[in-house]
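**Q** My file is entry-v4.cif. It has mmCIF, C-alpha atoms:
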data_model
loop_
_atom_site.label_atom_id
_atom_site.label_comp_id
_atom_site.auth_asym_id
_atom_site.auth_seq_id
_atom_site.Cartn_x
_atom_site.Cartn_y
_atom_site.Cartn_z
CA MET A 1 124.00 47.25 65.84
CA ASP A 2 125.05 44.74 63.19
CA LEU A 3 128.82 44.21 62.94
CA THR A 4 128.70 42.13 59.76
CA ASN A 5 130.17 44.90 57.64
CA SER A 6 132.82 46.08 60.11
CA HIS A 7 135.65 44.93 57.86
CA PHE A 8 138.03 47.47 59.36
CA VAL A 9 138.09 45.30 62.47
CA LEU A 10 137.43 41.80 61.34
CA LEU A 11 139.39 41.35 58.13
CA PRO A 12 143.17 40.88 58.08
CA ILE A 13 145.19 43.49 56.25
CA GLY A 14 146.88 42.32 53.08
CA ASN A 15 149.28 43.45 50.36
CA THR A 16 148.45 42.82 46.73
CA ASP A 17 151.08 41.33 44.48
CA HIS A 18 150.49 43.39 41.34
CA ALA A 19 152.45 40.94 39.18
CA SER A 20 150.34 37.93 40.02
CA GLY A 21 147.21 39.59 41.30
CA ASP A 22 147.36 37.42 44.44
CA GLN A 23 146.89 38.82 47.91
CA THR A 24 149.32 37.92 50.68
CA LEU A 25 148.40 38.47 54.30
CA ASN A 26 150.48 40.39 56.79
CA SER A 27 148.99 38.36 59.64
CA LYS A 28 148.53 34.62 59.92
CA ARG A 29 145.12 33.56 58.64
CA ALA A 30 145.26 30.69 61.14
CA ASP A 31 144.89 33.20 63.98
CA THR A 32 141.10 33.09 64.02
CA LEU A 33 139.45 35.84 66.03
CA LYS A 34 136.93 34.94 68.68
CA ILE A 35 134.12 37.50 68.70
CA GLY A 36 131.88 37.46 71.74
CA THR A 37 128.68 39.26 72.75
CA PRO A 38 127.69 39.47 76.43
CA LYS A 39 124.23 40.09 77.82
CA GLU A 40 123.37 43.80 78.12
CA ILE A 41 123.09 44.69 81.79
CA SER A 42 121.59 48.19 81.49
CA GLU A 43 118.00 48.25 82.72
CA GLY A 44 115.47 48.27 79.88
CA GLU A 45 118.04 47.52 77.18
CA ALA A 46 116.61 44.98 74.73
CA ARG A 47 119.15 45.27 71.92
CA VAL A 48 121.89 42.75 71.21
CA ALA A 49 125.12 43.37 69.29
CA MET A 50 125.12 40.05 67.40
CA THR A 51 122.22 38.22 65.76
CA PRO A 52 122.29 34.64 64.48
CA GLU A 53 122.38 36.04 60.93
CA SER A 54 125.35 38.33 61.54
CA ALA A 55 127.11 35.55 63.45
CA SER A 56 126.79 33.31 60.38
CA ALA A 57 128.30 36.05 58.20
CA LEU A 58 131.21 36.52 60.60
CA GLN A 59 131.90 32.78 60.64
CA LYS A 60 132.03 32.76 56.85
CA LEU A 61 134.88 35.25 57.18
CA GLY A 62 136.74 32.65 59.23
CA HIS A 63 135.99 33.84 62.77
CA GLU A 64 134.46 32.11 65.78
CA CYS A 65 131.44 33.57 67.58
CA LEU A 66 130.55 33.32 71.26
CA MET A 67 127.38 34.42 73.07
CA GLU A 68 126.57 34.65 76.75
CA ALA A 69 123.57 32.48 77.57
CA GLY A 70 120.36 34.52 77.32
CA ALA A 71 122.05 37.52 75.70
CA GLY A 72 119.64 37.61 72.76
CA LEU A 73 116.37 36.76 74.53
CA ALA A 74 115.19 40.36 74.98
CA ALA A 75 115.77 40.94 71.26
CA GLY A 76 113.82 37.82 70.31
CA PHE A 77 116.74 35.44 69.67
CA SER A 78 116.94 32.22 71.68
CA ASP A 79 120.13 30.40 72.64
CA GLU A 80 118.98 27.56 70.37
CA ALA A 81 118.88 29.95 67.39
CA TYR A 82 122.49 30.94 68.05
CA LYS A 83 123.58 27.33 68.46
CA ALA A 84 121.89 26.47 65.16
CA ALA A 85 123.95 29.23 63.56
CA GLY A 86 127.15 27.64 64.88
CA VAL A 87 127.66 30.03 67.81
CA GLU A 88 129.19 28.77 71.05
CA VAL A 89 126.91 29.70 73.95
CA VAL A 90 128.80 30.19 77.23
CA LYS A 91 127.15 30.18 80.63
CA THR A 92 128.60 33.27 82.30
CA ALA A 93 129.70 36.79 81.43
CA ALA A 94 133.10 36.18 82.99
CA ALA A 95 133.70 33.20 80.71
CA LEU A 96 132.57 35.20 77.68
CA TRP A 97 134.89 38.14 78.35
CA LYS A 98 137.80 35.80 79.09
CA GLY A 99 137.35 33.69 75.96
CA ALA A 100 136.72 36.44 73.37
CA ASP A 101 139.36 38.47 71.52
CA ILE A 102 136.78 41.02 70.40
CA ILE A 103 133.76 41.92 72.51
CA ALA A 104 130.79 43.42 70.69
CA LYS A 105 128.10 45.03 72.81
CA VAL A 106 125.62 47.90 72.62
CA ARG A 107 125.97 49.98 75.80
CA PRO A 108 129.26 51.31 77.22
CA PRO A 109 130.94 48.93 79.69
CA ASN A 110 130.41 49.38 83.41
CA ALA A 111 133.31 49.26 85.88
CA THR A 112 133.25 45.45 86.16
CA GLU A 113 133.17 44.95 82.40
CA ALA A 114 135.96 47.49 81.88
CA LYS A 115 138.22 45.50 84.24
CA ARG A 116 137.68 42.44 82.05
CA LEU A 117 139.20 44.24 79.06
CA THR A 118 142.66 42.80 79.54
CA GLU A 119 145.67 43.25 77.29
CA GLY A 120 145.09 42.50 73.62
CA LYS A 121 141.30 42.57 73.78
CA THR A 122 139.16 44.92 71.70
CA LEU A 123 135.75 46.30 72.60
CA ILE A 124 133.30 47.47 69.92
CA SER A 125 130.35 49.39 71.37
CA PHE A 126 128.84 52.77 71.94
CA PHE A 127 131.37 54.33 74.31
CA TYR A 128 131.12 58.17 74.23
CA PRO A 129 134.84 58.71 74.94
CA ALA A 130 134.48 62.45 75.59
CA GLN A 131 132.18 61.61 78.52
CA ASN A 132 134.23 58.64 79.74
CA GLU A 133 137.79 59.95 79.78
CA THR A 134 138.65 58.25 83.09
CA GLN A 135 137.42 54.84 81.98
CA MET A 136 139.06 55.27 78.58
CA SER A 137 142.42 55.95 80.26
CA LYS A 138 142.07 52.89 82.50
CA ILE A 139 141.26 50.62 79.57
CA ALA A 140 144.22 51.97 77.61
CA ALA A 141 146.49 51.35 80.61
CA GLN A 142 145.28 47.75 80.68
CA GLY A 143 146.47 47.32 77.08
CA ALA A 144 143.01 46.93 75.54
CA SER A 145 141.49 48.83 72.62
CA VAL A 146 138.07 50.39 72.14
CA ILE A 147 136.24 51.17 68.90
CA ALA A 148 133.48 53.66 69.75
CA MET A 149 130.59 53.20 67.31
CA ASP A 150 129.29 56.65 68.26
CA MET A 151 132.50 58.16 66.83
CA VAL A 152 132.28 56.56 63.37
CA PRO A 153 132.24 59.51 60.93
CA ARG A 154 128.91 59.97 59.19
CA ILE A 155 130.31 59.90 55.67
CA SER A 156 129.53 57.79 52.60
CA ARG A 157 132.55 55.51 53.08
CA ALA A 158 131.44 54.62 56.61
CA GLN A 159 127.71 54.41 55.91
CA LYS A 160 127.48 50.68 56.62
CA MET A 161 128.96 51.27 60.08
CA ASP A 162 126.80 54.31 60.91
CA ALA A 163 125.17 52.95 64.06
CA LEU A 164 123.99 56.43 65.11
CA SER A 165 121.83 56.85 62.02
CA SER A 166 120.34 53.37 62.26
CA MET A 167 119.37 53.97 65.88
CA ALA A 168 118.03 57.46 65.06
CA ASN A 169 115.81 55.93 62.39
CA ILE A 170 114.30 53.59 64.97
CA ALA A 171 113.87 56.47 67.43
CA GLY A 172 111.88 58.51 64.89
CA TYR A 173 109.61 55.58 64.13
CA ARG A 174 109.06 54.75 67.78
CA ALA A 175 108.34 58.38 68.67
CA VAL A 176 105.28 58.31 66.42
CA ILE A 177 104.12 54.91 67.68
CA GLU A 178 104.45 56.04 71.32
CA ALA A 179 102.64 59.30 70.52
CA GLY A 180 99.84 57.41 68.80
CA ASN A 181 99.41 55.16 71.82
CA ASN A 182 99.00 58.18 74.07
CA PHE A 183 96.92 60.16 71.58
CA GLY A 184 94.06 57.68 71.77
CA ARG A 185 92.52 58.46 68.38
CA PHE A 186 92.94 57.42 64.75
CA PHE A 187 95.79 59.03 62.83
CA THR A 188 93.88 58.75 59.58
CA GLY A 189 90.48 60.36 59.08
CA GLN A 190 87.51 58.06 59.58
CA ILE A 191 83.83 58.24 58.68
CA THR A 192 81.82 55.94 60.91
CA ALA A 193 78.19 55.44 61.90
CA ALA A 194 78.97 57.51 64.99
CA GLY A 195 80.23 60.44 62.96
CA LYS A 196 83.33 61.82 61.25
CA VAL A 197 86.77 61.66 62.84
CA PRO A 198 89.30 64.16 61.44
CA PRO A 199 92.88 63.06 60.69
CA ALA A 200 95.50 63.82 63.33
CA LYS A 201 97.80 66.77 62.76
CA VAL A 202 101.44 66.09 63.58
CA LEU A 203 104.29 68.61 63.78
CA VAL A 204 107.84 67.21 63.62
CA ILE A 205 110.56 69.63 64.69
CA GLY A 206 113.88 68.65 63.14
CA ALA A 207 114.25 66.75 59.88
CA GLY A 208 117.44 64.78 60.40
CA VAL A 209 117.50 60.98 60.22
CA ALA A 210 115.12 60.59 63.17
CA GLY A 211 112.86 63.41 62.02
CA LEU A 212 112.49 62.02 58.51
CA ALA A 213 111.65 58.60 59.96
CA ALA A 214 108.98 60.23 62.14
CA ILE A 215 107.59 62.15 59.16
CA GLY A 216 107.40 59.00 57.06
CA THR A 217 105.68 57.03 59.83
CA ALA A 218 103.13 59.73 60.68
CA THR A 219 102.29 60.27 57.01
CA SER A 220 101.93 56.56 56.30
CA LEU A 221 99.51 56.26 59.22
CA GLY A 222 97.31 58.90 57.60
CA ALA A 223 98.17 61.99 59.63
CA ILE A 224 98.44 65.49 58.19
CA THR A 225 102.12 66.11 58.85
CA TYR A 226 104.03 69.37 59.16
CA ALA A 227 107.78 69.59 59.66
CA PHE A 228 110.30 72.30 60.48
CA ASP A 229 114.06 72.41 60.17
CA VAL A 230 116.60 75.23 60.27
CA ARG A 231 118.06 73.97 56.98
CA PRO A 232 115.90 75.21 54.10
CA GLU A 233 117.44 72.65 51.74
CA VAL A 234 115.58 69.78 53.47
CA ALA A 235 112.21 71.24 52.44
CA GLU A 236 112.26 69.15 49.26
CA GLN A 237 112.90 65.94 51.22
CA ILE A 238 110.06 66.74 53.61
CA GLU A 239 107.60 67.51 50.84
CA SER A 240 108.61 64.39 48.89
CA MET A 241 107.43 62.36 51.89
CA GLY A 242 103.99 63.94 51.81
CA ALA A 243 104.51 66.45 54.62
CA GLU A 244 104.32 70.23 54.55
CA PHE A 245 107.46 72.23 55.29
CA VAL A 246 106.97 75.04 57.81
CA PHE A 247 108.76 78.12 56.50
CA LEU A 248 109.96 80.78 58.92
CA ASP A 249 109.64 84.40 57.86
CA PHE A 250 113.02 85.50 59.16
CA GLU A 251 116.05 86.75 57.28
CA GLU A 252 118.41 84.24 58.90
CA ALA A 253 116.09 81.42 57.85
CA GLN A 254 116.76 82.26 54.21
CA GLN A 255 120.45 81.62 54.72
CA ASP A 256 122.09 78.24 54.69
CA GLY A 257 121.30 76.72 58.09
CA ALA A 258 123.61 73.76 57.58
CA ALA A 259 127.14 73.47 58.88
CA THR A 260 129.85 71.32 57.30
CA GLY A 261 128.62 67.83 56.46
CA GLY A 262 124.94 68.76 56.41
CA TYR A 263 124.53 69.20 60.16
CA ALA A 264 122.49 72.12 61.46
CA ALA A 265 124.54 75.20 62.38
CA PRO A 266 123.96 77.02 65.70
CA SER A 267 121.16 79.58 65.48
CA SER A 268 121.10 83.09 66.92
CA PRO A 269 118.93 83.92 69.97
CA GLU A 270 116.72 86.08 67.71
CA PHE A 271 116.18 83.16 65.35
CA ARG A 272 115.31 80.79 68.20
CA GLU A 273 112.77 83.27 69.54
CA LYS A 274 111.21 83.50 66.08
CA GLN A 275 111.02 79.69 66.00
CA LEU A 276 109.15 79.59 69.31
CA GLU A 277 106.80 82.28 68.08
CA LYS A 278 105.99 80.17 65.01
CA PHE A 279 105.47 77.04 67.10
CA ARG A 280 103.10 78.93 69.44
CA GLU A 281 101.16 80.02 66.39
CA LEU A 282 100.85 76.44 65.10
CA ALA A 283 100.35 74.62 68.42
CA PRO A 284 96.60 75.25 68.94
CA ASP A 285 95.81 73.39 65.69
CA ILE A 286 98.33 70.55 66.21
CA ASP A 287 97.45 67.28 67.95
CA ILE A 288 100.98 65.85 68.33
CA VAL A 289 104.34 67.61 68.46
CA ILE A 290 107.48 65.48 68.06
CA THR A 291 110.88 67.01 68.76
CA LEU A 292 114.03 65.11 67.83
CA ARG A 293 117.65 66.02 68.35
#
Spell out the structure here as structure tokens.
**A**
Amino acid sequence: MDLTNSHFVLLPIGNTDHASGDQTLNSKRADTLKIGTPKEISEGEARVAMTPESASALQKLGHECLMEAGAGLAAGFSDEAYKAAGVEVVKTAAALWKGADIIAKVRPPNATEAKRLTEGKTLISFFYPAQNETQMSKIAAQGASVIAMDMVPRISRAQKMDALSSMANIAGYRAVIEAGNNFGRFFTGQITAAGKVPPAKVLVIGAGVAGLAAIGTATSLGAITYAFDVRPEVAEQIESMGAEFVFLDFEEAQQDGAATGGYAAPSSPEFREKQLEKFRELAPDIDIVITLR
């Protein structure tokens, strides 16, 4: 999650003087924001909310950056790399949360972290407010603010802040890599001295951001790729990536399966049963099936 382009948080709001063309600020430019990133404490989490590159970009905007010691190690960024980028590395999480005005992290805060969101502080992270109503109320009562990256609308204006899509893209790619590791055979066809190895056949169910990433990865590795989606309009995208679109012979499938904004609309029980029937028909000839929400 790169916060470099989150101008809605990090840039002061200004009014333009139309006569002179100069911009005057509503807030004092001298009030530099301190943006801090703590170490992720969720087991298995290797991501970090601030890289040395994004920290440099934020500092060019006039802000100070803080990192908890070791916060970037799992993502491949050493403390020395942050220091070289001008970031202040602090020893403890408590010191980081106390010294930062804005805290940027990946996972939602736990109970201890939420208590550290004192008045005037802002947290930018995945938060899932609908699932964390109690914690959200407590943070609000403490006088802190939260910007939930999972709630950024997936529209053109907010594309640079669409953390969900960027993570979905990685998920689609990784799904194919993980499947290939467990498959134990070449994806592409091979002719060797020991004989001929046929290419793997991959079925991707769902052609959203993650699905398209999976299709692209499987195809580039040499697999014969099939893909299905309830939205007939994505057939062209699928075929342009070298995969074959699986059509469903069902009246509802000929209708527009997309809801407002391009999302898939809920399907009827009859349609879902027809889907399963089609998948059962294909499954015996498929080596890998990837399903993505």
**Q** Got a sec to resolve the PyMOL selection byres ((chain A and resi 216) around 12) on this structure and send the residues as a compact mmCIF listing (two decimals) with C-alpha atoms, keeping the file's coordinate frame?
**A**
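File written: selection-v7.txt
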# COMPACT_ATOMS: atom_id res chain seq x y z
CA ASN A 169 115.81 55.93 62.39
CA ILE A 170 114.30 53.59 64.97
CA GLY A 172 111.88 58.51 64.89
CA TYR A 173 109.61 55.58 64.13
CA ARG A 174 109.06 54.75 67.78
CA ALA A 175 108.34 58.38 68.67
CA VAL A 176 105.28 58.31 66.42
CA ILE A 177 104.12 54.91 67.68
CA VAL A 202 101.44 66.09 63.58
CA VAL A 204 107.84 67.21 63.62
CA ALA A 207 114.25 66.75 59.88
CA VAL A 209 117.50 60.98 60.22
CA ALA A 210 115.12 60.59 63.17
CA GLY A 211 112.86 63.41 62.02
CA LEU A 212 112.49 62.02 58.51
CA ALA A 213 111.65 58.60 59.96
CA ALA A 214 108.98 60.23 62.14
CA ILE A 215 107.59 62.15 59.16
CA THR A 217 105.68 57.03 59.83
CA ALA A 218 103.13 59.73 60.68
CA THR A 219 102.29 60.27 57.01
CA SER A 220 101.93 56.56 56.30
CA LEU A 221 99.51 56.26 59.22
CA GLY A 222 97.31 58.90 57.60
CA ALA A 223 98.17 61.99 59.63
CA ILE A 224 98.44 65.49 58.19
CA THR A 225 102.12 66.11 58.85
CA TYR A 226 104.03 69.37 59.16
CA ALA A 227 107.78 69.59 59.66
CA GLN A 237 112.90 65.94 51.22
CA ILE A 238 110.06 66.74 53.61
CA GLU A 239 107.60 67.51 50.84
CA SER A 240 108.61 64.39 48.89
CA MET A 241 107.43 62.36 51.89
CA GLY A 242 103.99 63.94 51.81
CA ALA A 243 104.51 66.45 54.62
CA GLU A 244 104.32 70.23 54.55
**Q** May I have the residues within 9 Å of A:Asp79 as a list of chain:residue names, using only C-alpha atoms and disregarding those fewer than 4 positions away in the same chain?
**A**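 Contacts, with the query itself left out: A:Met67, A:Glu68, A:Ala69, A:Gly70, A:Ala71, A:Gly72, A:Leu73, A:Lys83, A:Ala84, A:Val87, A:Val89.
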**Q** Could you dump the residues just selected with C-alpha atoms as a compact mmCIF listing (two decimals), in the frame of the given file?
**A**
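Final file, result_5.txt:
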# COMPACT_ATOMS: atom_id res chain seq x y z
CA MET A 67 127.38 34.42 73.07
CA GLU A 68 126.57 34.65 76.75
CA ALA A 69 123.57 32.48 77.57
CA GLY A 70 120.36 34.52 77.32
CA ALA A 71 122.05 37.52 75.70
CA GLY A 72 119.64 37.61 72.76
CA LEU A 73 116.37 36.76 74.53
CA LYS A 83 123.58 27.33 68.46
CA ALA A 84 121.89 26.47 65.16
CA VAL A 87 127.66 30.03 67.81
CA VAL A 89 126.91 29.70 73.95
**Q** Of the candidates A:Ala111, A:Val234, A:Leu66, A:Leu117, which shows the shortest atom-to-atom distance to A:Thr92, using all atoms listed in the file?
**A** A:Leu66
**Q** Just checking: using only C-alpha atoms, which residue out of A:Ala55, A:Leu33, A:Ile155, A:Met167 ends up closest to A:Ile102?
**A**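 Among the listed residues, A:Leu33 lies closest to A:Ile102.
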**Q** When you look at A:Thr122 with a cut-off of 6 Å (counting all atoms listed in the file), what residues show up, excluding the ones that are within fewer than 4 positions of it in the same chain? I need them as a PyMOL selection string.
**A** chain A and resi 102+144-146
**Q** Tell me, in Å to one decimal, how far atom CA of A:Ala200 is from atom CA of A:Phe187.
**A**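 Atom-to-atom, atom CA of A:Ala200 to atom CA of A:Phe187, that is 4.8 Å.
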**Q** If you apply the PyMOL selection byres ((chain A and resi 162) around 12) to this file, what residues do you get, as a list in words?
**A**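 Selected by the PyMOL selection byres ((chain A and resi 162) around 12) here: Met1, Asp2, Leu3, Asn5, Ser6, Phe126, Ala148, Met149, Asp150, Met151, Val152, Pro153, Arg154, Ile155, Ser156, Arg157, Ala158, Gln159, Lys160, Met161, Ala163, Leu164, Ser165, Ser166, Met167, Ala168, Asn169 and Val209 of chain A.
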**Q** For A:Arg116, list every protein, DNA or RNA residue within 10 Å, evaluated using all atoms listed in the file, and leave out those in the same chain fewer than 5 positions away; present the list as number ranges by chain.
**A** A: 93-94, 96-98, 109, 111, 121, 139, 142, 144
**Q** Residues as selected, C-alpha atoms, written as a PDB file, keeping the file's coordinate frame, can you do that?
**A**
ATOM      1  CA  ALA A  93     129.700  36.790  81.430  1.00  0.00           C
ATOM      2  CA  ALA A  94     133.100  36.180  82.990  1.00  0.00           C
ATOM      3  CA  LEU A  96     132.570  35.200  77.680  1.00  0.00           C
ATOM      4  CA  TRP A  97     134.890  38.140  78.350  1.00  0.00           C
ATOM      5  CA  LYS A  98     137.800  35.800  79.090  1.00  0.00           C
ATOM      6  CA  PRO A 109     130.940  48.930  79.690  1.00  0.00           C
ATOM      7  CA  ALA A 111     133.310  49.260  85.880  1.00  0.00           C
ATOM      8  CA  LYS A 121     141.300  42.570  73.780  1.00  0.00           C
ATOM      9  CA  ILE A 139     141.260  50.620  79.570  1.00  0.00           C
ATOM     10  CA  GLN A 142     145.280  47.750  80.680  1.00  0.00           C
ATOM     11  CA  ALA A 144     143.010  46.930  75.540  1.00  0.00           C
TER      12      ALA A 144
END
